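Student: Take a look at this one; I'll ask things after.
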Amino acid sequence: MVGSAQTHRLTSGGLIDRSTPLSFRFDGKTFTGFQGDTLASALVANGVKLVGRSFKYHRPRGILTAGSEEPNALVELRSGARREPNTKATTAELYEGLEAASQNRWPSLSFDVMAINQLFAPIFVAGFYYKTFMWPAKFWEAIYEPAIRRAAGLGRAASVPDPDHYDKAWAHCDVVIAGSGPAGLTAALAAGRSGARVILCEEDFVLGGRLLADGGMIDGLPAAEWIARTRGELAAMPDVRIMTRTTLFGVYDGGTYGAIERVNDHLPVPPEHQVRQRLWRIVAKRCLVAAGSIERPIVFAGNDTPGVMMASAMRSYISRYAATPAGRIALFTNNEDGWRTVETAIAAGLQVAAVIDARPDVSPAHRSLASKGGFPVLNGSVSAVDGGKNGVRKIAVSLTGGARAEVEADGLAVSGGWNPAVGLTSYHRGRPKWRDDIAAFVPDGAPPGMVAAGAANGAFGLGACLREGFEAGAAAAQDAGRSGNIGSMPVADDEAFSLTPLWHVAGKGKAFVDQQHDVTASDVELAQREGFQSVEHLKRYTTLGMATDQGKTSNVAGLAIMAAVTGKSIPETGTTIYRPPYVPVAIGAFAGHHRDENFHATRLTPSHHWAAEQGAVFVDTGLWKRAQWYPRAGETDWLQSVTREVKAVRGGVGFCDVSTLGKIDVHGPDAGAFLDRVYINSFSSLAVGKARYGLMLREDGIVYDDGTTSRLAEDHYFLTTTTAKAGPVMQHLEFCRQVLLPELDVQLTSVSDQWAQFSIAGPKTRDLLKEIVDPAEDLSNEGFPFMGAREVKLSGGIKARLFRISFSGEMAFEISVPARYGEALVRNLMIAGKPFGVTPYGTEALGVMRIEKGHVAGPELNGTTTAADLGLGKMMSTKKDFIGRVMAGREALTAPNRQVVVGIKPTDKARRLRSGAHIIPKGEVPGPDNDQGYVTSVCFSPVLDQWIGLSLVERGRERIGEIVRAHDPLRGEEYDVELCNSVFYDPEGGRQRG
Amino acid sequence: MRIVCPFCGERELGEYTYLGDAKPQRPAADAGEDAVYDYVYLRDNIAGVMSEHWYHGGGCRAWLKVTRNTLTHEISAVEPTAGAGAAKVGV
C-alpha cells in the first residue's frame with residue numbers, strides 16, 4: 001500500500017532538504033518525507049492525523065507537540081531486535097527506510113477492538129483497578145494483572161538481545177550548557193569568547209531551539225542567518241564542543257551531569273564499529289540551563305482529538321518543516337504568543353476559521369489582522385470538540401456572557417501559556433517558585449553551580465533570552481576563572497506579553513489532563529473527593545505525570561485543577577518532586593559495554609593460555625577463570641578426570657596454578673608486630689625462612705580470612721589471602737595500618753599480580769623440582785624442612801620464592817616466579833616432569849584433596865564461624881591484643897552447643913553425598929526444631945573410594961561416631977551419615993613432612 | 001560525587017569505598033567487652049555534617065577522613081588518616 005504523496009507539504013520554505021526525499025513506512029504503508037523531517041513532521045506532511053491509541057481508553061490520538069514533551073505520538077520504531085517501543089515520533093529523525101508502527105491497538109489503528117473501553121469509561125476512573133480487582137487476592141497475579149496489561153499499555157520491547165553497542169564516556173569542562181535556543185547560543189558565545197571550556201548540549205539535531213520555528217531578527221539578521229553565523233563562530237573556538245542529539249538528563253553531586261548522546265539513532269543501523277548511543281558524565285564547574293519552556297495545554301472536552309495541537313507545535317510544523325497539520329485552523333489561546341500561530345498560518349496560505357481568545361482584551365493589531373483575514377475573534381473558551389479518528393470537525397465555543405458558538409475547522413491550535421522547563425534545576429529537591437506575572441513556575445533552589453537563563457528562567461521575550469543567556473554565560477565563565485573579552489551582546493526586540501491564566505474549561509465529555517496516561521480533569525476532582533489532595537498522592541492515585549513524558553504537558557495543569565477544587569492557590573498546592581532522567585534513557589546506555597562476557601572484567605591466570613591449549617575446563621571464581629579440571633581422551637565425565645588427577649598427585653606429582661591467591665608484601669621494622677595485631681596467632685615469633693598458617697578475625701570475632709604467611713627477612717613478610725578476599729583483606733590491612741596502628745613502621749604492597757604461584761605436590765615433588773631449581777639449592781628434608789620458605793635460584797638464573805607448604809597433604813612446595821615467567825615455568829614443569837608422569841590438576845582436585853585433609857575453605861569460612869568452630873580455637877593467642885579478640889569471647893560465640901566443623905561419611909559406602917543437606921538426629925522429625933547443622937563441602941575421595949564431606953554440626957566433635965540423618969528436601973533425599981574426624985587422610989601428617 | 005584526595009587530587013566517587021563514621025576509636029586492649037561492643041556496633045547516623053572514613057582503593061589506597069553533609073553530600077574537608085601516605089620519616 002502506498003500512502004499519499006506529501007499532500008500537506010508546502011512547496012517552499014522550511015528547514016527540510018527537498019532534494020533528499022526519504023521513503024519510510026508507518027503501519028505498513030509507504031510514505032515519503034525529506035531529509036530534515038522528524039517522523040512526526042513527515043506524517044503531518046502526508047496528512048496522517050491518527051498516530052496512536054491511548055493507554056487506557058484506546059481513544060484515537062494524534063500529534064500534540066513537536067518536541068520531547070510529546071505524550072501521544074509514541075511509536076514502535078524499527079523492527080526485530082532493534083524494535084524500540086514508546087519512541088516519540090516528534091523527536092525521531094527520519095531516515096531512508098524508517099519503519100514505525102502505532103501502539104496499543106488491535107487489529108489496526110483505525111479499527112481498534114479495545115476502543116470498546118470507551119463505552120465503559122465511566123467506570124475506568126482513577127483507582128479503578130485497585131477498587132475492582134481486589135478479590136480474591138490470588139486472582140490478581142494469575143488473571144487480573146495479565147488481562148489488564150494486555151488491554152492497557154504502550155509498545156512492545158524487542159524480545160531478543162539488542163545487537164547494538166552503547167558507550168560510556170567522561171568529559172570535563174568549565175561550563176556545560178543545556179539547550180541551544182537564543183539563550184543557550186548567547187551563553188555559549190559569551191563563555192566561549194571568555195576562553196572557557198564549553199560543552200553545548202542540544203537534544204535536537206540542529207541548533208536553534210524555538211528560533212527554528214519562530215524566527216525573528218537578531219543583530220539585524222534573520223534568525224536562520226544569525227544561527228549559522230553563531231554556529232560558525234562557536235565551531236571555530238577550540239575549547240567549545242557542540243553536541244547535538246544530546247540531552248542533558250540529570251544532575252549529580254559535585255557538578256557531575258548526565259547526558260545521553262543519540263550518536264546513530266538517526267540511521268537505520270549504526271555504521272560498523274560505531275555505537276548507537278553514548279552516555280556522558282560531564283564534570284563542569286558551572287551549568288547553564290537554557291532548556292527553554294514548554295507550551296501548556298488548556299484542558300477541555302475532546303482536547304485529545306487528533307488535530308488538536310499545541311499552537312507552537314503547529315508553527316513548528318508549518319515554519320520549520322513546511323508541513324501543514326490542517327487546512328482550516330482555529331486558535332484557542334489565553335495569551336499573546338498563541339496569535340503567532342495565526343500569523344504563521346496566514347503566511348503559509350492556510351485558512352483561519354476563528355480565534356477563540358479567553359482574554360477580554362485583544363490588541364488592535366490582532367483585531368485588524370482578523371478583519372483583514374476575514375475570521376472572527378471570539379471572546380470565550382472552547383467547551384467541546386466534535387471529531388473522531390479522522391480529526392477535528394467542529395469546535396463548540398462558550399462565549400463570555402454565556403452564549404454559544406460553533407466553529408468549523410479541521411485543526412485546533414491551543415496555547416495556555418508557557419511553563420519554563422524546571423526539571424534540571426529541581427533535581428536536587430529544589431522547589432520551583434510561582435510567578436504570578438507569568439502564571440508559571442520558575443527555577444528556585446537550583447543545585448550548586450547551576451543557573452537557568454532565558455525561557456527556562458521565565459524570560460520569554462527573544463531580546464530577554466539573548467541578554468540573560470549572554471550575561472549568564474559570561475558570569476559562569478568568570479566563576480570558572482575565565483575572563484577573556486566577551487565582545488558585544490546580540491540584541492533583538494522583545495515580543496509583547498499578555499496572559500490570562502486558564503487551565504480547565506468545564507464541559508461535557510472527557511477532558512484530558514495527562515494524555516499519555518489517560519488522566520482526566522474529573523479524575524483529579526475524584527482524587528480530591530477521595531482525600532488524595534496532596535500533589536504526591538494525586539500523582540500516585542491517578543498516575544498523573546508518571547508516564548514516559550513525565551507530565552511535561554500535564555503536571556502544572558493537573559495541580560492547577562487540584563488547586564481550584566481545594567480552594568487553594570497553585571503555589572500552596574505545590575509541585576511533586578522532580579527526578580531525573582529528563583528524557584527516557586535506555587538501560588543499555590547505562591550498561592555501556594558492560595554486558596554479556598564483558599559484564600565485568602576477566603582475570604586470567606599466568607597459565608591460562610597453556611591450560612586452554614590442554615583443553616582445560618574453566619570455572620569462574622570471582623573475576624578469575626581457573627582451570628577446574630583437565631579432561632583427557634576417553635574420560636566421559638568430570639569425576640573420572642578429577643579422580644585421575646588426585647590419584648596422580650597422591651601417587652606421583654602434579655601441579656596447580658594458585659596465582660589467584662591474594663599476595664601482600666609486608667615490609668618494615670614493625671612488620672611482625674603489625675601481623676601479630678591482625679592475625680589471631682603470633683608472627684613476630686616466626687623465624688626468618690619459615691612459613692606459618694594464619695587466621696584473621698573480623699572485629700566482631702567471626703573468622704575473616706586465612707592463608708600462609710612467610711618471613712623472608714627480618715623486616716619482610718609475604719602474606720597470602722584466599723582468592724575471594726584478596727581485595728578486601730588488602731583494604732582491611734590498610735585500615736589497620738593507617739587508622740588503627742599508625743604508630744607502627746610498616747608498609748603494605750599488593751603483589752597479587754606480580755607473582756605467578758604454583759603448588760607442586762606429590763611424593764615425587766622433589767624429583768621434579770630438582771630438574772628446574774639450580775643444583776646448588778638444597779631441597780632435602782634437612783635443607784628445606786616442612787614450612788620452610790626462602791628465595792631460590794632456578795636453573796637459568798631466575799629468582800623464585802619457594803615455600804614448603806601443603807594444602808593437599810602430600811609432600812609439596814609452592815613456587816612463585818615473576819608473573820611474566822609463569823607460563824614458561826608451566827611448560828618447563830611439563831617437560832621436566834615427563835619422566836615422573838607430572839599431571840596438571842584443577843580446582844576440583846585441589847578441593848578433593850583439601851576435604852580429604854579436613855582443611856577449611858570458603859564454605860566453612862562463611863561469615864558465621866569462629867576460630868573454635870573451625871577447630872582452630874587453640875591458635876588464638878592469649879598473650880597479645882588482636883583484631884576480634886574481645887568480641888570472640890562473647891557468650892554466644894563461645895557457647896558449647898555451637899555448630900562446629902566435623903567430618904561425615906555415609907553409612908552406605910556407595911551413596912553419594914550432597915552439600916547443603918541438613919543434619920537431623922536419628923529418629924527425629926526433620927524441621928527447624930531438630931536442625932543441628934548442615935553439610936558444607938563434599939567430594940568423592942579416591943583414596944577412600946567413597947564420598948566424604950565436611951559439615952557444621954552442633955557439638956559435632958564431641959559426637960564422633962554418632963549416626964545422624966542427612967535430610968535434603970531440595971533433592972528429596974534422606975540417608976544416614978556417620979560423624980567422623982574431619983581429617984580423612986594421613987591424620988598424622990607424615991606424608992607432608994616426608 | 002567527587003572527593004579531593006590529598007594525595008591524588010579530585011577524583012570520582014567510583015574510586016572510593018565508604019566505611020562509615022570516623023568518630024569511634026578502637027578501645028585499648030584492656031578496655032573490656034562493653035567498650036569494644038560500643039566500638040564495633042554503635043554508630044551515629046547523623047543527618048548533617050559527619051566525619052567519615054573513605055578508602056581511595058582506586059587510587060593511592062589512602063584511608064581518608066572526609067567531612068560530609070549527609071543531607072546535601074557537600075564535602076567540606078578531606079584529610080589523610082594518621083598513618084596514610086609515605087613511610088614514616090625518621091622513626
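Letters A, B, ... go to the chains of the C-alpha cells in the order shown; residues in each chain start at 1; ligands are counted from 1 in the same order.
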List every residue of chain B that has an atom at most 8 Å from any atom of chain A, giving for each one its closest atom pair and the distance in Å to one decimal, counting only C-alpha atoms, sorted by chain and then by ascending residue number, as a tab-separated table.
Tutor:
```
residue	atom	partner	partner_atom	distance
B:Met1	CA	A:Asp253	CA	4.5
B:Arg2	CA	A:Gly254	CA	5.6
B:Arg26	CA	A:Leu740	CA	7.0
B:Ala29	CA	A:Asp881	CA	5.8
B:Gly32	CA	A:Val886	CA	7.4
B:Glu33	CA	A:Val886	CA	6.1
B:Val36	CA	A:Val886	CA	7.0
B:Tyr37	CA	A:Met887	CA	7.2
B:Val40	CA	A:Asp700	CA	6.6
B:Tyr55	CA	A:Gln731	CA	7.7
B:Gly57	CA	A:Gln731	CA	7.4
B:Arg61	CA	A:Glu734	CA	7.5
B:Ala62	CA	A:Glu734	CA	7.7
B:Trp63	CA	A:Phe735	CA	6.6
B:His73	CA	A:Asp253	CA	6.8
B:Glu74	CA	A:Gly254	CA	7.7
B:Thr81	CA	A:Val739	CA	6.0
B:Ala82	CA	A:Pro742	CA	5.8
B:Gly83	CA	A:Gln738	CA	3.7
B:Ala84	CA	A:Gln738	CA	5.1
B:Ala87	CA	A:Gln747	CA	6.8
B:Lys88	CA	A:Asp745	CA	6.3
B:Val91	CA	A:Asp745	CA	7.4
```
Student: Neighbouring residues of B:Trp54 were defined as those with any atom within 6 Å, considering only C-alpha atoms; residues of the same chain fewer than 3 positions away were excluded. Please report them as a ChimeraX atom specification.
Tutor: /B:17-19,63-64
Student: Put those residues in a file: C-alpha atoms, as a JSON list (two decimals), in the first residue's frame.
Tutor:
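Final file, selection-v4.json:
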```
[["chain", "number", "residue", "atom", "x", "y", "z"],
["B", 17, "THR", "CA", 34.90, 2.92, 49.16],
["B", 18, "TYR", "CA", 32.83, 4.14, 52.07],
["B", 19, "LEU", "CA", 33.31, 2.69, 55.53],
["B", 63, "TRP", "CA", 42.32, 5.93, 54.15],
["B", 64, "LEU", "CA", 40.80, 9.39, 54.38]]
```
Student: So which bits of chain B end up alpha helix (DSSP H) when you DSSP the backbone, as a list in words?
Tutor: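 Those residues are Glu33, Asp34, Ala35, Val36, Tyr37, Asp38, Tyr39, Val40 and Tyr41 of chain B.
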Student: Can you tell me which residues surround stretch 515-532 of chain A at a distance of at most 9 Å, considering only C-alpha atoms, apart from same-chain residues fewer than 3 positions away, and format the answer as a ChimeraX atom specification?
Tutor: /A:54-57,61,70-72,125-127,153,299-300,304,504,510-512,535-549,551,553-554,558-559,561-562,565-566
Student: Residues within 8 Å of A:Leu829, please, as a compact mmCIF listing (two decimals) with all heavy atoms, in the first residue's frame. Count only C-alpha atoms; anything in the same chain fewer than 3 positions from it doesn't count.
Tutor:
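Output file selection.txt is given in full below:
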```
# COMPACT_ATOMS: atom_id res chain seq x y z
N LEU A 768 61.00 -33.67 40.75
CA LEU A 768 60.66 -32.71 39.69
C LEU A 768 61.36 -31.38 39.93
O LEU A 768 61.93 -30.79 39.02
CB LEU A 768 59.13 -32.53 39.63
CG LEU A 768 58.61 -31.41 38.72
CD1 LEU A 768 59.12 -31.57 37.30
CD2 LEU A 768 57.08 -31.39 38.71
N ILE A 772 64.35 -28.31 37.88
CA ILE A 772 64.21 -26.90 37.46
C ILE A 772 64.92 -25.92 38.39
O ILE A 772 65.15 -24.77 38.03
CB ILE A 772 62.71 -26.50 37.33
CG1 ILE A 772 61.99 -26.64 38.67
CG2 ILE A 772 62.02 -27.31 36.26
CD1 ILE A 772 60.70 -25.83 38.69
N LEU A 825 57.31 -21.36 33.14
CA LEU A 825 57.54 -22.32 34.22
C LEU A 825 56.65 -23.55 34.03
O LEU A 825 57.11 -24.69 34.15
CB LEU A 825 57.26 -21.66 35.58
CG LEU A 825 57.39 -22.60 36.78
CD1 LEU A 825 58.83 -23.07 36.95
CD2 LEU A 825 56.91 -21.91 38.06
N VAL A 826 55.38 -23.31 33.69
CA VAL A 826 54.45 -24.43 33.49
C VAL A 826 54.94 -25.33 32.36
O VAL A 826 54.97 -26.57 32.49
CB VAL A 826 53.04 -23.89 33.17
CG1 VAL A 826 52.15 -25.01 32.69
CG2 VAL A 826 52.45 -23.23 34.39
N ALA A 832 60.10 -31.17 32.17
CA ALA A 832 60.96 -31.78 33.19
C ALA A 832 60.23 -32.90 33.93
O ALA A 832 60.85 -33.85 34.43
CB ALA A 832 61.42 -30.71 34.17
N GLY A 833 58.90 -32.79 34.00
CA GLY A 833 58.15 -33.77 34.81
C GLY A 833 57.70 -34.99 34.04
O GLY A 833 57.10 -35.90 34.63
N VAL A 838 54.21 -36.19 35.49
CA VAL A 838 53.63 -35.00 36.10
C VAL A 838 52.24 -34.72 35.52
O VAL A 838 52.01 -34.87 34.32
CB VAL A 838 54.56 -33.78 35.93
CG1 VAL A 838 54.65 -33.34 34.47
CG2 VAL A 838 54.08 -32.62 36.80
```
Student: If we count only C-alpha atoms, what is near A:Gly481 at a cut-off of 10 Å, once residues fewer than 5 positions away on the same chain are taken out, given as a list in words?
Tutor: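 After dropping sequence-adjacent residues, the list is Asp174, Ser194, Gly195, Ala196, Lys285, Ala475 and Ala476 of chain A.
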Student: Atoms to include: all heavy atoms. Write the selected residues as a PDB file, in the first residue's frame.
Tutor:
```pdb
ATOM      1  N   ASP A 174      34.511  23.778  31.794  1.00  0.00           N
ATOM      2  CA  ASP A 174      34.175  24.867  32.715  1.00  0.00           C
ATOM      3  C   ASP A 174      32.665  25.061  32.789  1.00  0.00           C
ATOM      4  O   ASP A 174      32.103  25.203  33.860  1.00  0.00           O
ATOM      5  CB  ASP A 174      34.831  26.172  32.237  1.00  0.00           C
ATOM      6  CG  ASP A 174      36.351  26.130  32.328  1.00  0.00           C
ATOM      7  OD1 ASP A 174      36.855  25.551  33.304  1.00  0.00           O
ATOM      8  OD2 ASP A 174      37.016  26.654  31.423  1.00  0.00           O
ATOM      9  N   SER A 194      35.170  34.118  26.437  1.00  0.00           N
ATOM     10  CA  SER A 194      35.962  34.324  27.657  1.00  0.00           C
ATOM     11  C   SER A 194      37.142  33.379  27.736  1.00  0.00           C
ATOM     12  O   SER A 194      37.997  33.533  28.588  1.00  0.00           O
ATOM     13  CB  SER A 194      35.108  34.069  28.900  1.00  0.00           C
ATOM     14  OG  SER A 194      34.021  34.922  28.949  1.00  0.00           O
ATOM     15  N   GLY A 195      37.133  32.356  26.898  1.00  0.00           N
ATOM     16  CA  GLY A 195      38.199  31.362  26.947  1.00  0.00           C
ATOM     17  C   GLY A 195      37.822  30.136  27.742  1.00  0.00           C
ATOM     18  O   GLY A 195      38.665  29.271  28.007  1.00  0.00           O
ATOM     19  N   ALA A 196      36.541  30.033  28.130  1.00  0.00           N
ATOM     20  CA  ALA A 196      36.115  28.880  28.932  1.00  0.00           C
ATOM     21  C   ALA A 196      36.007  27.632  28.060  1.00  0.00           C
ATOM     22  O   ALA A 196      35.759  27.719  26.855  1.00  0.00           O
ATOM     23  CB  ALA A 196      34.769  29.170  29.589  1.00  0.00           C
ATOM     24  N   LYS A 285      32.334  22.998  36.019  1.00  0.00           N
ATOM     25  CA  LYS A 285      32.342  23.933  37.157  1.00  0.00           C
ATOM     26  C   LYS A 285      30.995  24.651  37.249  1.00  0.00           C
ATOM     27  O   LYS A 285      30.536  24.970  38.333  1.00  0.00           O
ATOM     28  CB  LYS A 285      33.479  24.941  36.983  1.00  0.00           C
ATOM     29  CG  LYS A 285      34.864  24.288  37.056  1.00  0.00           C
ATOM     30  CD  LYS A 285      35.977  25.331  37.069  1.00  0.00           C
ATOM     31  CE  LYS A 285      37.333  24.652  37.128  1.00  0.00           C
ATOM     32  NZ  LYS A 285      38.160  24.975  35.950  1.00  0.00           N
ATOM     33  N   ALA A 475      29.060  35.257  33.197  1.00  0.00           N
ATOM     34  CA  ALA A 475      29.238  35.086  34.645  1.00  0.00           C
ATOM     35  C   ALA A 475      29.771  33.689  34.960  1.00  0.00           C
ATOM     36  O   ALA A 475      30.651  33.527  35.813  1.00  0.00           O
ATOM     37  CB  ALA A 475      27.909  35.319  35.356  1.00  0.00           C
ATOM     38  N   ALA A 476      29.250  32.693  34.268  1.00  0.00           N
ATOM     39  CA  ALA A 476      29.695  31.315  34.524  1.00  0.00           C
ATOM     40  C   ALA A 476      31.166  31.162  34.175  1.00  0.00           C
ATOM     41  O   ALA A 476      31.939  30.537  34.907  1.00  0.00           O
ATOM     42  CB  ALA A 476      28.846  30.329  33.718  1.00  0.00           C
TER      43      ALA A 476
END
```
Student: I'd like the neighbourhood of A:Gln946 as a PyMOL selection string, where a residue qualifies if any of its atoms comes within 10 Å (using only C-alpha atoms), though same-chain residues fewer than 4 positions away should be ignored.
Tutor: chain A and resi 905-906+908-913+939-942
Student: Could you write out that same residue set with all heavy atoms as a compact mmCIF listing (two decimals), in the first residue's frame?
Tutor:
```
# COMPACT_ATOMS: atom_id res chain seq x y z
N LYS A 905 30.63 -39.24 56.79
CA LYS A 905 30.67 -40.20 55.69
C LYS A 905 29.39 -41.03 55.72
O LYS A 905 28.83 -41.26 56.79
CB LYS A 905 31.92 -41.08 55.75
CG LYS A 905 32.21 -41.72 57.07
CD LYS A 905 33.60 -42.36 57.04
CE LYS A 905 33.88 -43.02 58.39
NZ LYS A 905 35.27 -43.45 58.52
N PRO A 906 28.90 -41.43 54.55
CA PRO A 906 27.63 -42.17 54.52
C PRO A 906 27.83 -43.58 55.07
O PRO A 906 28.89 -44.18 54.89
CB PRO A 906 27.27 -42.20 53.03
CG PRO A 906 28.58 -42.06 52.32
CD PRO A 906 29.46 -41.24 53.20
N ASP A 908 26.11 -46.06 54.09
CA ASP A 908 26.10 -46.87 52.86
C ASP A 908 27.24 -46.34 51.99
O ASP A 908 27.14 -45.25 51.42
CB ASP A 908 24.75 -46.71 52.16
CG ASP A 908 24.75 -47.34 50.77
OD1 ASP A 908 25.78 -47.98 50.41
OD2 ASP A 908 23.74 -47.18 50.06
N LYS A 909 28.29 -47.11 51.90
CA LYS A 909 29.52 -46.62 51.27
C LYS A 909 29.33 -46.21 49.80
O LYS A 909 30.10 -45.43 49.25
CB LYS A 909 30.59 -47.72 51.35
CG LYS A 909 31.97 -47.16 51.65
CD LYS A 909 33.04 -48.23 51.67
CE LYS A 909 34.36 -47.58 51.25
NZ LYS A 909 35.43 -48.51 51.00
N ALA A 910 28.27 -46.75 49.20
CA ALA A 910 28.05 -46.47 47.78
C ALA A 910 27.30 -45.14 47.56
O ALA A 910 27.15 -44.69 46.44
CB ALA A 910 27.25 -47.61 47.16
N ARG A 911 26.82 -44.54 48.64
CA ARG A 911 25.95 -43.37 48.48
C ARG A 911 26.75 -42.11 48.17
O ARG A 911 27.83 -41.90 48.69
CB ARG A 911 25.12 -43.16 49.74
CG ARG A 911 24.33 -41.87 49.73
CD ARG A 911 23.32 -41.80 50.82
NE ARG A 911 22.08 -42.48 50.47
CZ ARG A 911 21.16 -41.96 49.62
NH1 ARG A 911 21.37 -40.81 49.03
NH2 ARG A 911 20.06 -42.64 49.38
N ARG A 912 26.15 -41.30 47.35
CA ARG A 912 26.76 -40.01 47.05
C ARG A 912 26.27 -38.97 48.07
O ARG A 912 25.09 -38.96 48.43
CB ARG A 912 26.34 -39.57 45.65
CG ARG A 912 26.90 -38.22 45.28
CD ARG A 912 26.58 -37.84 43.84
NE ARG A 912 27.23 -36.56 43.56
CZ ARG A 912 27.38 -36.06 42.35
NH1 ARG A 912 26.93 -36.72 41.30
NH2 ARG A 912 27.96 -34.90 42.17
N LEU A 913 27.16 -38.10 48.52
CA LEU A 913 26.76 -37.02 49.42
C LEU A 913 26.52 -35.75 48.61
O LEU A 913 27.06 -35.58 47.53
CB LEU A 913 27.86 -36.75 50.46
CG LEU A 913 28.19 -37.86 51.45
CD1 LEU A 913 29.28 -37.37 52.41
CD2 LEU A 913 26.95 -38.27 52.22
N CYS A 939 32.98 -34.42 48.59
CA CYS A 939 33.73 -34.85 47.41
C CYS A 939 33.76 -36.38 47.38
O CYS A 939 33.47 -37.04 48.39
CB CYS A 939 35.17 -34.32 47.45
SG CYS A 939 36.20 -35.11 48.68
N PHE A 940 34.09 -36.90 46.22
CA PHE A 940 34.38 -38.32 46.15
C PHE A 940 35.87 -38.48 46.42
O PHE A 940 36.71 -37.91 45.73
CB PHE A 940 34.03 -38.89 44.77
CG PHE A 940 34.41 -40.34 44.65
CD1 PHE A 940 33.62 -41.32 45.24
CD2 PHE A 940 35.57 -40.72 43.98
CE1 PHE A 940 33.97 -42.65 45.16
CE2 PHE A 940 35.93 -42.05 43.90
CZ PHE A 940 35.13 -43.03 44.49
N SER A 941 36.19 -39.24 47.47
CA SER A 941 37.59 -39.42 47.85
C SER A 941 38.17 -40.63 47.15
O SER A 941 37.77 -41.78 47.43
CB SER A 941 37.69 -39.62 49.36
OG SER A 941 38.98 -40.12 49.69
N PRO A 942 39.11 -40.42 46.23
CA PRO A 942 39.69 -41.57 45.53
C PRO A 942 40.45 -42.49 46.47
O PRO A 942 40.45 -43.70 46.27
CB PRO A 942 40.64 -40.93 44.51
CG PRO A 942 40.16 -39.53 44.36
CD PRO A 942 39.60 -39.15 45.69
```
Student: Need the shell around stretch 470-472 of chain A: protein/DNA/RNA residues with any atom at most 12 Å away, counting only C-alpha atoms. Skip same-chain ones fewer than 2 positions apart. Format as an NGL selection string?
Tutor: :A and (175-177 or 181-194 or 286-290 or 449-454 or 457 or 463-468 or 474-479 or 486-491)
Student: Expressed in Å to a single decimal, how great is the separation between atom CA of A:Gln628 and atom CA of A:Val902?
Tutor: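 Value for the atom CA of A:Gln628-atom CA of A:Val902 distance: 25.9 Å.
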Student: List every residue of chain B that DSSP, applied to the backbone of this structure, assigns to strand (DSSP E or B), and report them as a PyMOL selection string.
Tutor: chain B and resi 2-5+9-12+17-21+49-55+63-69+75-80
